[in-house]
Structure formats: C-alpha cells, structure tokens
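Peer 1: I am sharing entry.cif, which consists of mmCIF, C-alpha atoms and all ligand atoms:
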```
data_target
#
loop_
_atom_site.label_atom_id
_atom_site.label_comp_id
_atom_site.auth_asym_id
_atom_site.auth_seq_id
_atom_site.Cartn_x
_atom_site.Cartn_y
_atom_site.Cartn_z
CA MET A 1380 88.55 88.36 91.99
CA GLY A 1381 90.47 89.50 95.03
CA PRO A 1382 94.14 88.97 95.69
CA ALA A 1383 95.28 85.51 96.64
CA ILE A 1384 96.11 85.66 100.31
CA GLY A 1385 98.21 82.98 101.92
CA SER A 1386 96.66 80.64 104.42
CA GLU A 1387 96.42 82.46 107.72
CA SER A 1388 96.31 79.43 109.95
CA SER A 1389 99.86 78.29 109.29
CA TYR A 1390 101.67 81.22 110.84
CA ARG A 1391 101.42 83.84 113.51
CA VAL A 1392 99.19 86.46 111.97
CA THR A 1393 99.83 90.00 112.88
CA THR A 1394 100.33 91.61 109.52
CA THR A 1395 97.62 89.40 107.94
CA LEU A 1396 99.67 88.94 104.84
CA ARG A 1397 102.09 86.14 104.21
CA GLU A 1398 102.39 86.24 100.48
CA ALA A 1399 100.05 87.60 97.87
CA VAL A 1400 100.10 88.50 94.21
CA THR A 1401 98.12 91.55 93.17
CA ASP A 1402 97.07 92.56 89.66
CA THR A 1403 95.96 96.13 90.32
CA PRO A 1404 96.98 99.05 92.55
CA ALA A 1405 93.59 98.76 94.25
CA GLN A 1406 94.38 95.21 95.33
CA THR A 1407 97.70 96.31 96.79
CA GLU A 1408 95.92 99.12 98.60
CA ALA A 1409 93.36 96.66 99.96
CA LEU A 1410 96.15 94.54 101.45
CA GLY A 1411 97.61 97.66 103.02
CA GLU A 1412 94.22 98.50 104.47
CA GLN A 1413 93.98 95.07 106.07
CA LEU A 1414 97.34 95.60 107.70
CA GLY A 1415 96.40 99.10 108.83
CA GLY A 1416 93.35 97.73 110.56
CA ARG A 1417 95.54 95.46 112.65
CA LEU A 1418 98.28 97.88 113.56
CA ARG A 1419 98.69 99.16 117.09
CA GLN A 1420 100.64 101.90 118.74
CA GLY A 1421 104.34 101.05 118.69
CA ASP A 1422 104.25 98.91 115.55
CA LEU A 1423 107.01 99.48 113.02
CA VAL A 1424 106.59 98.17 109.46
CA LEU A 1425 109.41 98.34 106.95
CA LEU A 1426 108.69 98.19 103.21
CA GLN A 1427 111.28 97.07 100.75
CA GLY A 1428 111.02 97.12 96.98
CA GLU A 1429 112.47 98.83 93.95
CA LEU A 1430 111.36 102.19 92.52
CA GLY A 1431 107.74 102.00 91.50
CA ALA A 1432 107.17 98.66 93.19
CA GLY A 1433 104.07 99.95 94.95
CA LYS A 1434 105.25 100.93 98.43
CA THR A 1435 103.40 104.24 98.48
CA THR A 1436 100.33 102.55 97.01
CA PHE A 1437 100.43 100.05 99.87
CA VAL A 1438 100.86 102.84 102.45
CA ARG A 1439 97.76 104.56 101.02
CA GLY A 1440 95.80 101.51 102.11
CA VAL A 1441 97.58 101.29 105.46
CA ALA A 1442 96.56 104.86 106.23
CA ARG A 1443 92.95 104.11 105.39
CA GLY A 1444 93.08 101.03 107.62
CA CYS A 1445 94.38 103.26 110.43
CA GLY A 1446 91.29 105.40 110.02
CA SER A 1447 92.94 108.30 108.26
CA GLY A 1448 91.34 110.15 105.37
CA ALA A 1449 94.66 111.80 104.51
CA GLN A 1450 95.90 112.00 100.96
CA VAL A 1451 98.94 109.78 100.82
CA THR A 1452 101.65 110.75 98.38
CA SER A 1453 105.38 110.20 98.29
CA PRO A 1454 107.00 112.26 101.03
CA SER A 1455 109.61 113.25 98.39
CA PHE A 1456 111.52 116.02 100.16
CA GLN A 1457 110.14 115.34 103.59
CA LEU A 1458 111.45 112.28 105.38
CA VAL A 1459 108.21 111.82 107.29
CA ARG A 1460 104.54 112.67 107.14
CA VAL A 1461 102.07 112.09 109.94
CA TYR A 1462 98.49 111.07 109.27
CA PRO A 1463 96.15 111.44 112.25
CA GLY A 1464 93.42 108.83 112.62
CA ARG A 1465 92.05 106.16 114.94
CA LEU A 1466 95.72 105.29 115.13
CA GLN A 1467 98.29 107.89 114.12
CA LEU A 1468 100.39 106.67 111.21
CA ALA A 1469 103.80 108.13 110.48
CA HIS A 1470 104.84 107.58 106.86
CA VAL A 1471 108.58 107.65 106.41
CA ASP A 1472 110.44 107.48 103.09
CA LEU A 1473 114.17 106.91 103.35
CA TYR A 1474 114.89 107.09 99.62
CA ARG A 1475 116.69 110.41 100.01
CA LEU A 1476 118.27 109.60 103.35
CA GLU A 1477 121.77 111.02 103.37
CA SER A 1478 123.10 110.58 106.88
CA SER A 1479 122.53 108.78 110.12
CA ALA A 1480 122.04 112.21 111.73
CA GLU A 1481 118.89 112.57 109.64
CA LEU A 1482 117.70 109.25 111.04
CA ARG A 1483 118.21 110.48 114.60
CA ASP A 1484 116.34 113.71 113.81
CA LEU A 1485 113.41 111.65 112.61
CA GLY A 1486 112.41 110.99 116.23
CA LEU A 1487 111.37 107.44 115.51
CA ASP A 1488 110.90 106.53 119.18
CA GLU A 1489 108.55 109.43 119.67
CA LEU A 1490 106.57 108.53 116.55
CA LEU A 1491 106.24 104.97 117.85
CA ASP A 1492 105.00 106.33 121.17
CA GLN A 1493 102.32 108.22 119.27
CA GLY A 1494 101.20 105.47 116.93
CA ALA A 1495 102.41 103.15 114.18
CA VAL A 1496 105.19 103.82 111.69
CA VAL A 1497 105.56 102.55 108.12
CA VAL A 1498 108.84 103.09 106.29
CA GLU A 1499 109.52 103.02 102.54
CA TRP A 1500 113.06 101.85 101.77
CA GLY A 1501 112.79 100.51 105.31
CA GLU A 1502 115.74 98.15 104.97
CA ARG A 1503 117.89 101.29 105.30
CA LEU A 1504 116.75 101.58 108.89
CA GLY A 1505 118.53 98.37 109.80
CA SER A 1506 116.00 97.67 112.52
CA ALA A 1507 115.40 94.06 113.46
CA ASP A 1508 112.55 94.95 115.78
CA ALA A 1509 110.09 95.49 112.97
CA ALA A 1510 107.95 93.77 110.41
CA LEU A 1511 109.43 93.62 106.93
CA ILE A 1512 107.27 93.42 103.83
CA SER A 1513 108.78 93.13 100.38
CA ILE A 1514 107.02 94.21 97.20
CA GLU A 1515 108.32 92.75 93.99
CA HIS A 1516 107.55 93.87 90.45
CA LEU A 1517 106.40 90.86 88.44
CA GLY A 1518 105.81 92.77 85.21
CA HIS A 1519 102.94 94.94 84.01
CA ASP A 1520 100.59 95.55 86.93
CA ARG A 1521 101.46 92.39 88.81
CA ARG A 1522 103.21 92.59 92.16
CA ARG A 1523 104.17 90.06 94.80
CA LEU A 1524 103.90 91.14 98.42
CA ARG A 1525 105.55 88.99 101.01
CA THR A 1526 105.96 89.23 104.76
CA GLU A 1527 109.65 88.55 105.23
CA ARG A 1528 109.43 89.16 108.97
CA ASP A 1529 106.28 89.53 110.97
CA LEU A 1530 105.49 91.95 113.75
CA ASP A 1531 107.01 90.77 116.98
CA ARG A 1532 104.33 91.11 119.64
N1 LIG B 1601 99.50 95.66 91.51
C1 LIG B 1601 99.97 96.91 91.75
N2 LIG B 1601 100.25 97.28 93.00
C2 LIG B 1601 100.76 98.51 93.25
N3 LIG B 1601 100.99 99.44 92.32
C3 LIG B 1601 100.73 99.12 91.05
C4 LIG B 1601 100.19 97.84 90.71
N4 LIG B 1601 100.02 97.80 89.37
C5 LIG B 1601 100.41 98.99 88.90
N5 LIG B 1601 100.84 99.79 89.89
C6 LIG B 1601 101.35 101.16 89.69
O1 LIG B 1601 102.73 101.17 90.03
C7 LIG B 1601 103.06 102.41 90.61
C8 LIG B 1601 103.58 102.19 92.00
O2 LIG B 1601 103.99 103.44 92.48
P1 LIG B 1601 104.33 103.69 94.00
O3 LIG B 1601 104.57 105.15 94.12
O4 LIG B 1601 103.30 103.08 94.88
O5 LIG B 1601 105.67 102.87 94.15
P2 LIG B 1601 106.83 103.06 95.22
O6 LIG B 1601 107.34 101.70 95.52
O7 LIG B 1601 106.33 103.87 96.36
O8 LIG B 1601 107.90 103.89 94.41
P3 LIG B 1601 109.11 104.78 94.98
O9 LIG B 1601 110.27 103.84 95.17
O10 LIG B 1601 109.36 105.76 93.89
O11 LIG B 1601 108.67 105.41 96.26
C9 LIG B 1601 101.80 103.27 90.60
O12 LIG B 1601 101.78 104.04 89.45
C10 LIG B 1601 100.71 102.21 90.58
O13 LIG B 1601 99.52 102.68 90.01
MG MG B 1602 107.03 105.59 97.25
#
```
Go through the file and emit its structure as structure tokens.
Peer 2:
Amino acid sequence: MGPAIGSESSYRVTTTLREAVTDTPAQTEALGEQLGGRLRQGDLVLLQGELGAGKTTFVRGVARGCGSGAQVTSPSFQLVRVYPGRLQLAHVDLYRLESSAELRDLGLDELLDQGAVVVEWGERLGSADAALISIEHLGHDRRRLRTERDLDR
C-alpha cells in the first residue's frame, strides 16, 4: 500500500504533498520524487525535522524526480552539493552552519538561477519565499510529512 496522500483538490498544489504518513524510507523517497518532478528553476524548498527524521531520504527522491542519477548522501562537511539533471538540484545541509558569512558564500541566488534548491535544516535560512516541509518521527519507521508552506508561484 502506498503512502496516504492528502486530497489534492482542496489546496493549491505545487509541492503535491499536503500531509502524508510513510511507513518505509522508500515511501518517503517516493514522495520526494513526486515533488522533484514538479520543481522548476528558481524553486526553493526548506526541510525541517530532527536528526534522522528522513530529510536526506526525501532529498534522494527529489533528486530522482529532477532527473538526476546522482548518489545522494548527507553533505556532512560540505554545505552544498549540486546534482545535474533535467533540472539542476542543489542540496544544501545547514546542520553545521556556523555563521551568516557561510550563508552568503553559499551563493543561493546563483543556485536558484541554475535550478531548484532543497535545504536540510532549512528553517535556519529564515527565508519566507520558500516552501517548507516538515518531517516528523512518529516512532519506528513511521514518519509524517507535512507541507507547512507551499511554493509561492
Ligand atoms: N518512513 C521513513 N522515511 C524516511 N526514513 C526512514 C523511514 N523509516 C526509517 N527511516 C530511516 O531513518 C533514517 C533517516 O535518515 P536521514 O539521513 O534521511 O535523516 P535526516 O533527517 O537527513 O538526518 P540528519 O538530520 O542527520 O541529516 C534512515 O536510516 C532511513 O532508512
Ligand atoms: Mg540529512
């Protein structure tokens, strides 16, 4: 059985996902892939959720949906990784962000000119001009994904 996806008719669908509960990493990835397939150049998606919530797992699907065959892992010591594809996806992880200077060096505007950008620990960006998706640990392998703010376009 696939993940339960909220009714799409009741809201402005850009990220496809309103609220869903997944029971496996593959289901979370599949939701990411759906989003990736809808992203366009200039889209910024922030992911919020505790350690191990499934942000990177979700991004793995987003990259596939963007047409990238790249291996998606945690950017650990890099702030950003770029995956070329039908649509370039920049994968940012702000977990180790230490200063606002680092944020400026990221070249976010340029990355958005080149494609879409997805940001783990995205709430640290403080950007209102972005979609915000939260991933919540519900115990064991169960996660709740919710679109807190949709893409504005
Ligand atoms: N339903 C699920 N959705 C996503 N991941 C799941 C699910 N069930 C189990 N997992 C597991 O939880 C872990 C999630 O790790 P992941 O690296 O994606 O989290 P993260 O939010 O990126 O963590 P971090 O804050 O360290 O970057 C993986 O080991 C994954 O296999
Ligand atoms: Mg991660």
Peer 1: Please determine, counting all atoms listed in the file, which residue among A:Leu1425, A:Leu1517, A:Arg1528, A:Gly1448 has the shortest atom-to-atom distance to Leu1504 (chain A).
Peer 2: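 Of all the options, A:Leu1425 lies closest to Leu1504 (chain A).
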Peer 1: What does the distance from atom C9 of ligand LIG 1601 (chain B) to CA of Ala1510 (chain A) come to in Å, to one decimal?
Peer 2: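 If I compute the distance from atom C9 of ligand LIG 1601 (chain B) to CA of Ala1510 (chain A), I get 22.8 Å.
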Peer 1: List all protein, DNA and RNA residues that have at least one atom no more than 6 Å from any atom of ligand LIG 1601 (chain B), counting only C-alpha atoms and all ligand atoms, and write them as number ranges by chain.
Peer 2: A: 1401-1404, 1407, 1429-1436, 1520-1522
Peer 1: Record the distance separating CA of Glu1515 (chain A) and CA of Leu1410 (chain A), expressed in Å with one decimal.
Peer 2: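 Interatomic distance here is 14.4 Å.
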Peer 1: Dump as a PDB file with C-alpha atoms, keeping the file's coordinate frame all residues having an atom at most 9 Å from (103.4, 111.0, 104.1), computed in the file's coordinates with all atoms listed in the file.
Peer 2:
```pdb
ATOM      1  CA  THR A1435     103.400 104.240  98.480  1.00  0.00           C
ATOM      2  CA  VAL A1438     100.860 102.840 102.450  1.00  0.00           C
ATOM      3  CA  ALA A1449      94.660 111.800 104.510  1.00  0.00           C
ATOM      4  CA  GLN A1450      95.900 112.000 100.960  1.00  0.00           C
ATOM      5  CA  VAL A1451      98.940 109.780 100.820  1.00  0.00           C
ATOM      6  CA  THR A1452     101.650 110.750  98.380  1.00  0.00           C
ATOM      7  CA  SER A1453     105.380 110.200  98.290  1.00  0.00           C
ATOM      8  CA  PRO A1454     107.000 112.260 101.030  1.00  0.00           C
ATOM      9  CA  SER A1455     109.610 113.250  98.390  1.00  0.00           C
ATOM     10  CA  GLN A1457     110.140 115.340 103.590  1.00  0.00           C
ATOM     11  CA  LEU A1458     111.450 112.280 105.380  1.00  0.00           C
ATOM     12  CA  VAL A1459     108.210 111.820 107.290  1.00  0.00           C
ATOM     13  CA  ARG A1460     104.540 112.670 107.140  1.00  0.00           C
ATOM     14  CA  VAL A1461     102.070 112.090 109.940  1.00  0.00           C
ATOM     15  CA  TYR A1462      98.490 111.070 109.270  1.00  0.00           C
ATOM     16  CA  LEU A1468     100.390 106.670 111.210  1.00  0.00           C
ATOM     17  CA  ALA A1469     103.800 108.130 110.480  1.00  0.00           C
ATOM     18  CA  HIS A1470     104.840 107.580 106.860  1.00  0.00           C
ATOM     19  CA  VAL A1471     108.580 107.650 106.410  1.00  0.00           C
ATOM     20  CA  ASP A1472     110.440 107.480 103.090  1.00  0.00           C
TER      21      ASP A1472
END
```
Peer 1: My list of candidates is A:Gly1494, A:Gly1518, A:Gly1428, A:Gly1411. Which is closest to ligand MG 1602 (chain B) when distances are computed with only C-alpha atoms and all ligand atoms?
Peer 2: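 Using only C-alpha atoms and all ligand atoms, the shortest distance to ligand MG 1602 (chain B) belongs to A:Gly1428.
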Peer 1: Using only C-alpha atoms and all ligand atoms, which residue out of A:Ser1506, A:Gln1427, A:Gln1493, A:Gln1413 lies closest to ligand MG 1602 (chain B)?
Peer 2: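 Going through A:Ser1506, A:Gln1427, A:Gln1493, A:Gln1413 one by one, the smallest distance to ligand MG 1602 (chain B) is for A:Gln1427.
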Peer 1: So that I can check the surroundings of Gly1415 (chain A), please list as a CSV table (one decimal) with C-alpha atoms, in the frame of the given file every protein, DNA and RNA residue that reaches within 8 Å of it, counting only C-alpha atoms and ignoring chain neighbours fewer than 5 positions away.
Peer 2:
```
chain,number,residue,atom,x,y,z
A,1440,GLY,CA,95.8,101.5,102.1
A,1441,VAL,CA,97.6,101.3,105.5
A,1442,ALA,CA,96.6,104.9,106.2
A,1443,ARG,CA,93.0,104.1,105.4
A,1444,GLY,CA,93.1,101.0,107.6
A,1445,CYS,CA,94.4,103.3,110.4
```
Peer 1: So how many Å separate CA of Glu1499 (chain A) and CA of Leu1426 (chain A), to one decimal?
Peer 2: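 Calculated distance between CA of Glu1499 (chain A) and CA of Leu1426 (chain A) is 4.9 Å.
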Peer 1: Return the padded bounding box of region 1482-1486 of chain A as JSON: axis-aligned, built from all atoms listed in the file, 5 Å added on each side, with centre and edge lengths in Å to one decimal.
Peer 2:
```
{"center_x": 115.3, "center_y": 111.5, "center_z": 113.6, "size_x": 15.8, "size_y": 14.5, "size_z": 15.2}
```
Peer 1: Taking only C-alpha atoms and all ligand atoms into account, name the residue in A:Ala1495, A:Leu1482, A:Leu1473, A:Ile1512 that is nearest to ligand MG 1602 (chain B).
Peer 2: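 Using only C-alpha atoms and all ligand atoms, the shortest distance to ligand MG 1602 (chain B) belongs to A:Leu1473.
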Peer 1: Would you mind telling me which residue in A:Leu1485, A:Leu1511, A:Val1498, A:Leu1491 lies nearest to Thr1526 (chain A) when using all atoms listed in the file?
Peer 2: A:Leu1511
Peer 1: Identify which of the residues A:Arg1439, A:Ser1447, A:Asp1488, A:Val1400 lies closest to ligand MG 1602 (chain B), counting only C-alpha atoms and all ligand atoms when measuring atom-to-atom distances.
Peer 2: A:Arg1439
Peer 1: Show me the residues around (106.6, 90.5, 113.0) - criterion: an atom at most 7 Å away, only C-alpha atoms counted - as a list in words.
Peer 2: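 The answer, in the requested form, is Thr1393, Ala1509, Ala1510, Arg1528, Asp1529, Leu1530 and Asp1531 of chain A.
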